[in-house]
Every structure is written in structure tokens, then in C-alpha cells.
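Engineer: Before anything else, here's the structure in question.
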Amino acid sequence: MNAQLRRTFYLFVAGFVSLVGVMAYWQVYAKESLATDPANSLQSQRVQGVPRGLILANDGETVLARSEEQDNGTYGRVYPEGSVYSNVIGYWSPRYGASGVEIGQNNNLSGGGEPETLDGLINQITGGPQAGNDVTLTLDPELQRLAYDQLAQSSTGRGSVVALNPKNGEILAMVSYPSYDPNNIDENFPELVQDSEAPLLNRAMQGLYPPGSVFKVITAAAALKAGVDPEDEFDDTGTYETPGYDVYNYRAREYGEVTFTEALGKSINTIFARIANEEVGAQLLAQTALDFGFEDPYEDFPLPVAPSSLGELPPEQWVQGYIAQIAFGQGPNVTNVFEMANMTGAVANDGAMMEPRLVREVRSPDGVILDKPTPRVRRGVLDAETAQTLNDMMQKSITDEETGAQIPGIKVAGKTGTAEAPGGELHSWFASFAPADDPEIAVAVLVENGQEGFKSALPIARRLMEAYIGPTETQQNTQPTAPETTQPTAPETTQPTQPIQPKTKAPPAQPKNGFPFQNPDQNQKAVPGQQKAPPGQGPSQSSGQRQSG
């Protein structure tokens, strides 16, 4: 009898513990994922019955999203700034789910949750609607509008911009173009899904492109760690040969004797391919890229990020031709604008990459601050001395080569990129920060098929830095002049022979899920070694001339 009682007691205890564990899992551990799941029908019902919180720009006044009561007593979502912020804010639709900050911060924005203030508790007891909390973002409304307008006026009207404060990680602007109007999402969603321009895609976070020569910043960092000195000289003969893969300079140009700093400024593929193979090696190059954020899905960021990739092969299997391609940002090397902005910010901030932040604070409906994230270092990428050396080299790139990026009275550091795209087109890149001696803003710009980096991306970045920093005394005393359009040294190309394994394959023009890119509402990991590009563009191939300026 006693044995049976003991068994019954043990079974009861085990069942009770299991029940507590299950309840704890769903109410504590899985609470956030349930609240931010667009497929959760309870969330769709809740948004119609109670007002969601405001979404505001960093001035605390510019309303980016608000709830309005409709004639039937439910609440609908209104986006006063429309398409300028839509790829960041996203949409909230009872019919089509949610995206962007609307779902990433749903746990704060949604009403009906546990009250966090006395007023909220009283409101819940009296049966009133449980309004959501207000979320203030880090986005600067003037900078965001300028970035949007500049991309819209760019040569192709397709691309993205990310600007951040390198000292605290705050995202100051994030724009993807083409965009869409979230106010009409229920009416236009089927058409937007089929649109060949992919307006629903946040290109800044989920568009993967070959970085071209902006990746040389990472290769240069690895070289400095390997002991290469900025004044070390290299003899460029116009060619760098590896088994199965030869690197050529643009128009068969030979630069002769150049320093490492000059090689970065002139963006010489052959020199960087040589340094990567002979001085750096696969392991250090790969590890430096990982330190800068490659392969990082940024799972704690409120928006989904497609991780940058160096391809499918582990570094121990990289052959010389593979290393050469990666060193100047081609081959299997793909990244996004968000990653390049973080890379640039780390160099600007003495080698410390700050945690990228999009949310400045969360307040209850009655104004009580519930959460105010503080800046913190995500990872130490470089020591301060190495970062300063790289900073100086990037400044020389501007003063000696890319003079169109100069701002009177302000030191600018930067690197252009001209990445090969199929069909003979070129993606235009520019990554920069200013003032270089006390950085306030880091910017990464991509213009799809915008040709050389100095043509399309560079002017956009310069205007953003000028607008954010404001006029200096030198600028105020200088007669305004037209932006410089002086063409720097022609961007180099390589002319490879046979492609290096693994071969990349172009994604289908229209996947089954209806999105030309990965579904912008899903945080899916990008396929290593395969770049995603807008319709009509496949991954970079190892045939023809390879552009990287």
C-alpha cells in the first residue's frame, strides 16, 4: 500500500512539474516569439479591438505610425510618412500579417498585454481598451527624407542607404528604394508581391550583393594585423596569377611601384589578391570578416537580416584563386548595406563595433519610460592603433583619389566599390565616415547597376554627411560650388579564366513564395555562396571582366 502511494505521489509530482514547465515555456520563454508571429490570429484580432502604440522618429514628434478608430469601433493603422519609412516601419494588416518594426516591436506596440503602470492596471480593471506602448526609434527624420529622395533620384532608382552613429550604434537613416505606401497595403499587397522591382523587400537588410572593393577595407584590416605596413611597397605588373585563376587590372593597366596605402586608394585588385594570398592567408582573412560581422544574423535586431557570406567552403579548403576573389569582394563574397555600415562604423570607432540600435526608448501610453536601451559594444574588431592606421589610409583614399567625396573643413574617410553584376552592369558602392578625426556618422550606400562607385553612391553619401554634420566655418566662408565630378583613377577589373568552386547559381526570377528575394517577413538564412539580387540580376560569375573599383 505504501509503495503504491509513493508511486502515485511521484507521478503527481512529475505531472505537476511538467505542467509548470510547459506554462513557464509559453508564458516566459516563448512569449516574445508568439507576440511577434504574424500568423498568430489573436494578434490580428487584438489590433482591431484596441489601439496600438505610436511609432515615432528620434525627435519624439514625427509620427511614423498611429492607430485610428474606425466607424465600426475597430482600430486601423495609419502611416503619416508613407513610403519614406515603409521598409523599416513595415505594415500591420489583419489580412496579410505584419512586417518591419510593426512585428519586431509587437510585444511593446500591441495592447491588451500585462499592464506595466498603475494607469494601465486601473484601465484593465475598469474594462477599458489596453492601448499599446509608444516606441521611439533612432531614425533622424531629416536624414531619412534626404536619403529617400537621393535614392529616388539616383541613376537607376534602386538601392539602399544605412547611416549610423559609430559611437553609440544608433541607426540614423535606413532607406530601401523602390518603396511602397503601407496605408494601402490591404488593397495593393497582391500587386506589390508580383512587382518586378520588389518594393516589399528591405534591400538594406536582406538584399545580398557582391561588395566589390568596399570589402578591401576588411582585407586591409587583415593585412595590417598580419604585419603589412601602410608604406610597404609592391610592384604591380598588371597581373596576378594563381592556379586556374588570373587577376588582371582594368584595361591591362600596370601601376608599377605602389605603397599599400596607394593600393587601397587606387583600389588595385592584383595587389590585394597578392597580399591576401601571400601575407594574410585564408584563416586570418576569414576570421577578420567574421569579426566585422560576416555570417552574423543579428538575431537580436528588430528587423530580419540576411547574413553576409564568404561562400560555402570553409577557409581550410580555399584555394588561391578563391582567396583572390574574396579579397577584392567578388566570387562567392556577398553582403548587405547594413553590414557594410557596421563595418565602417567599427573602423571609425577605434575598432569597436557598437550594437546597432533602432529603438531609442519605449514609453507607456501615460508617458512613463519603460525601456531605454544603452549603447554597448557588440564586439572588438580591431585594436585602436590598427583602426587608426586604417582610418588614415581611408582618408588618403579621399584626399588622393576620390576627391568628389571631400567636404570643406571636414576630414572624410571612405572607400568606393564597383561590383560586377550580370549583363555587364555594375553596382555602385561607397562606405565612409566623417569627421574622420572625431566621427559622428558612418554611411554605406549601394545603387544597383549604378556603375562605378564614385558615380552614383559617393555623391549620396557625401550629401548625407554634409547634412548631418552641418555647415562648418570653412563652408560658411566658401562660395558654394557644384559637386565635383572629377573621375578618379579608372576602376580596375580582373579578367578571370575558369570559375573557382563552388559555382554560384542564379536564384529563380520568381520563387514560389512570390517574392523575387527571400520573403521580407521571414528571417531566413541566406544560402551561402549565392547572392540574391533583383529580378534580371543573377550572382556574380567568374567569366568576362571582373569589376571592382
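Residues in the C-alpha cells are numbered from 1 in each chain, the chains being A, B, ... in the order shown, and ligands are numbered from 1 in the order shown.
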I want to know what sits within 7 Å of range 406-416 of chain A, based on only C-alpha atoms, with residues of the same chain fewer than 5 positions away left out; could you give that as an MDAnalysis selection string?
Structural biologist: chainID A and resid 213:214 391 394:395 397:398 429:437 453:454 472 474:475 549
Engineer: Got a sec: who's within 7 Å of Val175 in chain A, counting only C-alpha atoms, leaving out chain neighbours fewer than 3 positions off, as a list of chain:residue names?
Structural biologist: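 Those residues are A:Gln144, A:Ala147, A:Tyr148, A:Ser160, A:Val161, A:Val162, A:Ala204.
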Engineer: DSSP on the backbone: which residues in range 104-275 of chain A end up as alpha helix (DSSP H)? Give the answer as a VMD selection string.
Structural biologist: chain A and resid 104 106 to 109 118 to 125 141 to 152 185 to 194 203 to 206 216 to 225 260 to 266 269 to 275
Engineer: Using only C-alpha atoms for the distances, tell me which of A:Gly238, A:Asp134, A:Leu303, A:Gln320 is nearest to Ala98 in chain A.
Structural biologist: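 Counting only C-alpha atoms, the residue closest to Ala98 in chain A is A:Leu303.
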Engineer: Give the answer as one residue: which of A:Leu310, A:Gly90, A:Arg203, A:Gly321 has the shortest atom-to-atom distance to Tyr240 in chain A, using only C-alpha atoms?
Structural biologist: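 When distances to Tyr240 in chain A are compared using only C-alpha atoms, the smallest one comes from A:Gly321.
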Engineer: Per DSSP on the backbone, what are the strand (DSSP E or B) residues of range 50-87 of chain A, as a count of residues only?
Structural biologist: 13
Engineer: Quick one: everything within 8 Å of Lys372 in chain A, counting only C-alpha atoms, minus sequence neighbours fewer than 6 positions away in the same chain. Send it as a list in words.
Structural biologist: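 Within the cut-off, the hits are Arg360, Glu361 and Val362 of chain A.
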